[in-house]
>>> print(open('target24.pdb').read())   # PDB, C-alpha atoms
ATOM      1  CA  PHE A1321     130.028  77.768 -74.578
ATOM      2  CA  PRO A1322     129.065  74.878 -76.798
ATOM      3  CA  SER A1323     128.108  75.864 -80.330
ATOM      4  CA  HIS A1324     125.101  73.532 -80.482
ATOM      5  CA  ASP A1325     121.615  73.990 -79.018
ATOM      6  CA  SER A1326     121.352  70.778 -77.021
ATOM      7  CA  GLY A1327     121.936  70.635 -73.308
ATOM      8  CA  CYS A1328     121.262  72.987 -70.443
ATOM      9  CA  MET A1329     123.317  75.415 -68.396
ATOM     10  CA  PHE A1330     122.231  77.306 -65.297
ATOM     11  CA  PHE A1331     123.624  80.701 -64.355
ATOM     12  CA  HIS A1332     122.920  82.327 -61.003
ATOM     13  CA  ILE A1333     122.445  86.018 -61.826
ATOM     14  CA  ARG A1334     120.431  88.207 -59.443
ATOM     15  CA  GLU A1335     120.927  91.764 -60.665
ATOM     16  CA  SER A1336     118.339  92.876 -63.262
ATOM     17  CA  SER A1337     120.899  94.766 -65.353
ATOM     18  CA  GLU A1338     123.166  91.711 -65.473
ATOM     19  CA  ILE A1339     120.253  89.468 -66.491
ATOM     20  CA  SER A1340     119.414  91.903 -69.308
ATOM     21  CA  SER A1341     123.036  91.938 -70.491
ATOM     22  CA  PHE A1342     123.162  88.148 -70.449
ATOM     23  CA  LEU A1343     119.933  87.948 -72.472
ATOM     24  CA  GLN A1344     121.387  90.254 -75.127
ATOM     25  CA  GLU A1345     124.306  87.865 -75.557
ATOM     26  CA  PHE A1346     122.187  84.688 -75.254
ATOM     27  CA  PRO A1347     118.644  85.523 -76.438
ATOM     28  CA  LYS A1348     117.286  81.953 -76.170
ATOM     29  CA  THR A1349     117.793  82.053 -72.403
ATOM     30  CA  LYS A1350     114.827  81.464 -70.089
ATOM     31  CA  THR A1351     114.821  83.321 -66.784
ATOM     32  CA  VAL A1352     113.711  81.493 -63.636
ATOM     33  CA  ILE A1353     113.038  82.711 -60.115
ATOM     34  CA  MET A1354     112.353  80.597 -57.063
ATOM     35  CA  LYS A1355     110.050  82.040 -54.426
ATOM     36  CA  ARG A1356     109.010  80.997 -50.969
ATOM     37  CA  ASP A1357     106.180  82.750 -49.132
ATOM     38  CA  GLY A1358     107.322  84.549 -46.003
ATOM     39  CA  LEU A1359     111.001  84.455 -46.966
ATOM     40  CA  HIS A1360     112.739  87.769 -46.310
ATOM     41  CA  ILE A1361     114.898  89.000 -49.198
ATOM     42  CA  PRO A1362     118.262  90.194 -47.862
ATOM     43  CA  ASN A1363     118.874  93.932 -48.057
ATOM     44  CA  ASN A1364     122.037  93.956 -50.148
ATOM     45  CA  HIS A1365     122.759  95.345 -53.624
ATOM     46  CA  ALA A1366     122.520  91.946 -55.334
ATOM     47  CA  ASP A1367     119.197  90.879 -53.810
ATOM     48  CA  GLN A1368     117.205  94.028 -53.090
ATOM     49  CA  ASN A1369     115.754  94.354 -56.627
ATOM     50  CA  VAL A1370     115.432  90.670 -57.505
ATOM     51  CA  GLU A1371     111.601  90.888 -57.379
ATOM     52  CA  ASN A1372     111.537  93.810 -59.854
ATOM     53  CA  TYR A1373     112.419  91.689 -62.902
ATOM     54  CA  LYS A1374     109.837  89.888 -65.054
ATOM     55  CA  TYR A1375     111.019  86.275 -65.130
ATOM     56  CA  ASP A1376     109.831  83.723 -67.694
ATOM     57  CA  ILE A1377     109.239  81.016 -65.093
ATOM     58  CA  THR A1378     108.441  81.085 -61.379
ATOM     59  CA  ILE A1379     108.997  78.066 -59.160
ATOM     60  CA  TYR A1380     107.327  78.231 -55.757
ATOM     61  CA  ASN A1381     109.114  76.421 -52.969
ATOM     62  CA  ASN A1382     106.392  76.507 -50.301
ATOM     63  CA  GLN A1383     106.230  72.834 -49.444
ATOM     64  CA  GLY A1384     108.632  70.147 -48.338
ATOM     65  CA  LEU A1385     111.773  68.790 -49.934
ATOM     66  CA  GLN A1386     109.941  65.916 -51.658
ATOM     67  CA  GLU A1387     107.498  68.325 -53.342
ATOM     68  CA  LEU A1388     110.407  70.507 -54.490
ATOM     69  CA  ARG A1389     112.080  67.421 -55.957
ATOM     70  CA  GLU A1390     108.865  66.634 -57.854
ATOM     71  CA  LYS A1391     108.711  70.198 -59.202
ATOM     72  CA  ALA A1392     112.375  69.988 -60.212
ATOM     73  CA  LYS A1393     111.736  66.722 -62.048
ATOM     74  CA  LEU A1394     108.719  68.208 -63.856
ATOM     75  CA  PHE A1395     110.729  71.313 -64.741
ATOM     76  CA  SER A1396     113.714  69.360 -66.062
ATOM     77  CA  ASN A1397     111.529  66.979 -68.087
ATOM     78  CA  GLN A1398     109.635  69.866 -69.669
ATOM     79  CA  LEU A1399     112.890  71.711 -70.326
ATOM     80  CA  ALA A1400     114.336  68.655 -72.060
ATOM     81  CA  ASN A1401     111.201  68.302 -74.195
ATOM     82  CA  GLY A1402     110.840  72.006 -75.013
ATOM     83  CA  GLU A1403     107.503  72.149 -73.189
ATOM     84  CA  LEU A1404     108.213  74.662 -70.437
ATOM     85  CA  LEU A1405     105.226  76.325 -68.845
ATOM     86  CA  GLN A1406     105.319  80.081 -68.775
ATOM     87  CA  SER A1407     103.425  80.232 -65.545
ATOM     88  CA  VAL A1408     104.068  78.748 -62.147
ATOM     89  CA  TYR A1409     105.395  75.378 -61.009
TER      90      TYR A1409
END
>>> encode(input="target24.pdb", output="structure tokens")
Amino acid sequence: FPSHDSGCMFFHIRESSEISSFLQEFPKTKTVIMKRDGLHIPNNHADQNVENYKYDITIYNNQGLQELREKAKLFSNQLANGELLQSVY
């Protein structure tokens, strides 16, 4: 990993224990979950406990693709400026 603090990397980690381990190694990490009302979470070991973790940021994907793009733009701009909301996008 780069030794400087600029930039952004995304890691797709679903298991709570793995997220916790990652945070111990990289404590400045922000956790993000995307949710969509009515979406069934698959019943497999990686996904079944995904809702049991307290994430820093929740992004709701309950509208169309254009609205999700707008949320993604807002999220990335705030991330770049160090102004991330701790609540919901």
>>> atom_distance(input="target24.pdb", atom1="CA of Leu1399 (chain A)", atom2="CA of Asn1381 (chain A)")
18.4 Å
>>> resolve_selection(input="target24.pdb", expression="the PyMOL selection byres ((chain A and resi 1346-1360) around 7)", output="list in words")
Phe1342, Leu1343, Gln1344, Glu1345, Ile1361, Pro1362, Tyr1375, Asp1376, Ile1377, Thr1378, Ile1379, Tyr1380, Asn1381 and Asn1382 of chain A
>>> resolve_selection(input="target24.pdb", expression="the PyMOL selection byres ((chain A and resi 1326-1337) around 10)", output="list in words")
Phe1321, Pro1322, Ser1323, His1324, Asp1325, Glu1338, Ile1339, Ser1340, Ser1341, Phe1342, Leu1343, Thr1349, Lys1350, Thr1351, Val1352, Ile1353, His1365, Ala1366, Asp1367, Gln1368, Asn1369, Val1370, Glu1371, Asn1372, Tyr1373, Lys1374, Ser1396, Leu1399 and Ala1400 of chain A
>>> write_last_selection(input="target24.pdb", atoms="C-alpha atoms", output="CSV table (one decimal), in the frame of the given file")
chain,number,residue,atom,x,y,z
A,1321,PHE,CA,130.0,77.8,-74.6
A,1322,PRO,CA,129.1,74.9,-76.8
A,1323,SER,CA,128.1,75.9,-80.3
A,1324,HIS,CA,125.1,73.5,-80.5
A,1325,ASP,CA,121.6,74.0,-79.0
A,1338,GLU,CA,123.2,91.7,-65.5
A,1339,ILE,CA,120.3,89.5,-66.5
A,1340,SER,CA,119.4,91.9,-69.3
A,1341,SER,CA,123.0,91.9,-70.5
A,1342,PHE,CA,123.2,88.1,-70.4
A,1343,LEU,CA,119.9,87.9,-72.5
A,1349,THR,CA,117.8,82.1,-72.4
A,1350,LYS,CA,114.8,81.5,-70.1
A,1351,THR,CA,114.8,83.3,-66.8
A,1352,VAL,CA,113.7,81.5,-63.6
A,1353,ILE,CA,113.0,82.7,-60.1
A,1365,HIS,CA,122.8,95.3,-53.6
A,1366,ALA,CA,122.5,91.9,-55.3
A,1367,ASP,CA,119.2,90.9,-53.8
A,1368,GLN,CA,117.2,94.0,-53.1
A,1369,ASN,CA,115.8,94.4,-56.6
A,1370,VAL,CA,115.4,90.7,-57.5
A,1371,GLU,CA,111.6,90.9,-57.4
A,1372,ASN,CA,111.5,93.8,-59.9
A,1373,TYR,CA,112.4,91.7,-62.9
A,1374,LYS,CA,109.8,89.9,-65.1
A,1396,SER,CA,113.7,69.4,-66.1
A,1399,LEU,CA,112.9,71.7,-70.3
A,1400,ALA,CA,114.3,68.7,-72.1
>>> atom_distance(input="target24.pdb", atom1="CA of Gln1383 (chain A)", atom2="CA of Phe1395 (chain A)")
16.0 Å
>>> atom_distance(input="target24.pdb", atom1="CA of Arg1389 (chain A)", atom2="CA of Asn1364 (chain A)")
28.9 Å
>>> axis_aligned_box(input="target24.pdb", around="region 1334-1350 of chain A", padding_each_side="4 Å", output="AutoDock Vina command-line options")
--center_x 119.6 --center_y 88.1 --center_z -67.9 --size_x 17.5 --size_y 21.3 --size_z 25.0
>>> decode(input="target24.pdb", residues="region 1371-1383 of chain A", atoms="N, CA, C and O atoms", output="PDB file, in the first residue's frame")
ATOM      1  N   GLU A1371     -25.470  -7.542   8.021  1.00  0.00           N
ATOM      2  CA  GLU A1371     -26.268  -6.502   8.672  1.00  0.00           C
ATOM      3  C   GLU A1371     -25.924  -6.339  10.155  1.00  0.00           C
ATOM      4  O   GLU A1371     -26.375  -5.399  10.796  1.00  0.00           O
ATOM      5  N   ASN A1372     -25.130  -7.246  10.716  1.00  0.00           N
ATOM      6  CA  ASN A1372     -24.828  -7.215  12.148  1.00  0.00           C
ATOM      7  C   ASN A1372     -23.599  -6.380  12.490  1.00  0.00           C
ATOM      8  O   ASN A1372     -23.161  -6.395  13.637  1.00  0.00           O
ATOM      9  N   TYR A1373     -23.044  -5.675  11.549  1.00  0.00           N
ATOM     10  CA  TYR A1373     -21.865  -4.839  11.778  1.00  0.00           C
ATOM     11  C   TYR A1373     -22.290  -3.375  11.777  1.00  0.00           C
ATOM     12  O   TYR A1373     -23.186  -2.996  11.028  1.00  0.00           O
ATOM     13  N   LYS A1374     -21.679  -2.562  12.628  1.00  0.00           N
ATOM     14  CA  LYS A1374     -21.995  -1.131  12.659  1.00  0.00           C
ATOM     15  C   LYS A1374     -21.047  -0.400  11.705  1.00  0.00           C
ATOM     16  O   LYS A1374     -19.889  -0.182  12.019  1.00  0.00           O
ATOM     17  N   TYR A1375     -21.566  -0.039  10.542  1.00  0.00           N
ATOM     18  CA  TYR A1375     -20.785   0.634   9.515  1.00  0.00           C
ATOM     19  C   TYR A1375     -20.740   2.133   9.788  1.00  0.00           C
ATOM     20  O   TYR A1375     -21.655   2.695  10.381  1.00  0.00           O
ATOM     21  N   ASP A1376     -19.697   2.791   9.309  1.00  0.00           N
ATOM     22  CA  ASP A1376     -19.578   4.245   9.458  1.00  0.00           C
ATOM     23  C   ASP A1376     -20.564   4.981   8.556  1.00  0.00           C
ATOM     24  O   ASP A1376     -21.098   6.011   8.928  1.00  0.00           O
ATOM     25  N   ILE A1377     -20.779   4.435   7.369  1.00  0.00           N
ATOM     26  CA  ILE A1377     -21.587   5.128   6.356  1.00  0.00           C
ATOM     27  C   ILE A1377     -22.543   4.132   5.706  1.00  0.00           C
ATOM     28  O   ILE A1377     -22.139   3.018   5.379  1.00  0.00           O
ATOM     29  N   THR A1378     -23.786   4.563   5.524  1.00  0.00           N
ATOM     30  CA  THR A1378     -24.778   3.747   4.822  1.00  0.00           C
ATOM     31  C   THR A1378     -25.220   4.497   3.574  1.00  0.00           C
ATOM     32  O   THR A1378     -25.575   5.674   3.641  1.00  0.00           O
ATOM     33  N   ILE A1379     -25.190   3.807   2.447  1.00  0.00           N
ATOM     34  CA  ILE A1379     -25.683   4.367   1.197  1.00  0.00           C
ATOM     35  C   ILE A1379     -26.905   3.555   0.794  1.00  0.00           C
ATOM     36  O   ILE A1379     -26.818   2.340   0.615  1.00  0.00           O
ATOM     37  N   TYR A1380     -28.046   4.237   0.683  1.00  0.00           N
ATOM     38  CA  TYR A1380     -29.274   3.570   0.268  1.00  0.00           C
ATOM     39  C   TYR A1380     -29.424   3.656  -1.242  1.00  0.00           C
ATOM     40  O   TYR A1380     -29.314   4.719  -1.826  1.00  0.00           O
ATOM     41  N   ASN A1381     -29.663   2.519  -1.837  1.00  0.00           N
ATOM     42  CA  ASN A1381     -29.826   2.410  -3.280  1.00  0.00           C
ATOM     43  C   ASN A1381     -31.268   2.017  -3.575  1.00  0.00           C
ATOM     44  O   ASN A1381     -31.554   0.911  -4.004  1.00  0.00           O
ATOM     45  N   ASN A1382     -32.205   2.919  -3.277  1.00  0.00           N
ATOM     46  CA  ASN A1382     -33.630   2.619  -3.440  1.00  0.00           C
ATOM     47  C   ASN A1382     -34.266   3.325  -4.627  1.00  0.00           C
ATOM     48  O   ASN A1382     -35.482   3.270  -4.792  1.00  0.00           O
ATOM     49  N   GLN A1383     -33.468   4.010  -5.408  1.00  0.00           N
ATOM     50  CA  GLN A1383     -34.018   4.742  -6.538  1.00  0.00           C
ATOM     51  C   GLN A1383     -33.382   4.222  -7.820  1.00  0.00           C
ATOM     52  O   GLN A1383     -32.864   3.123  -7.858  1.00  0.00           O
TER      53      GLN A1383
END
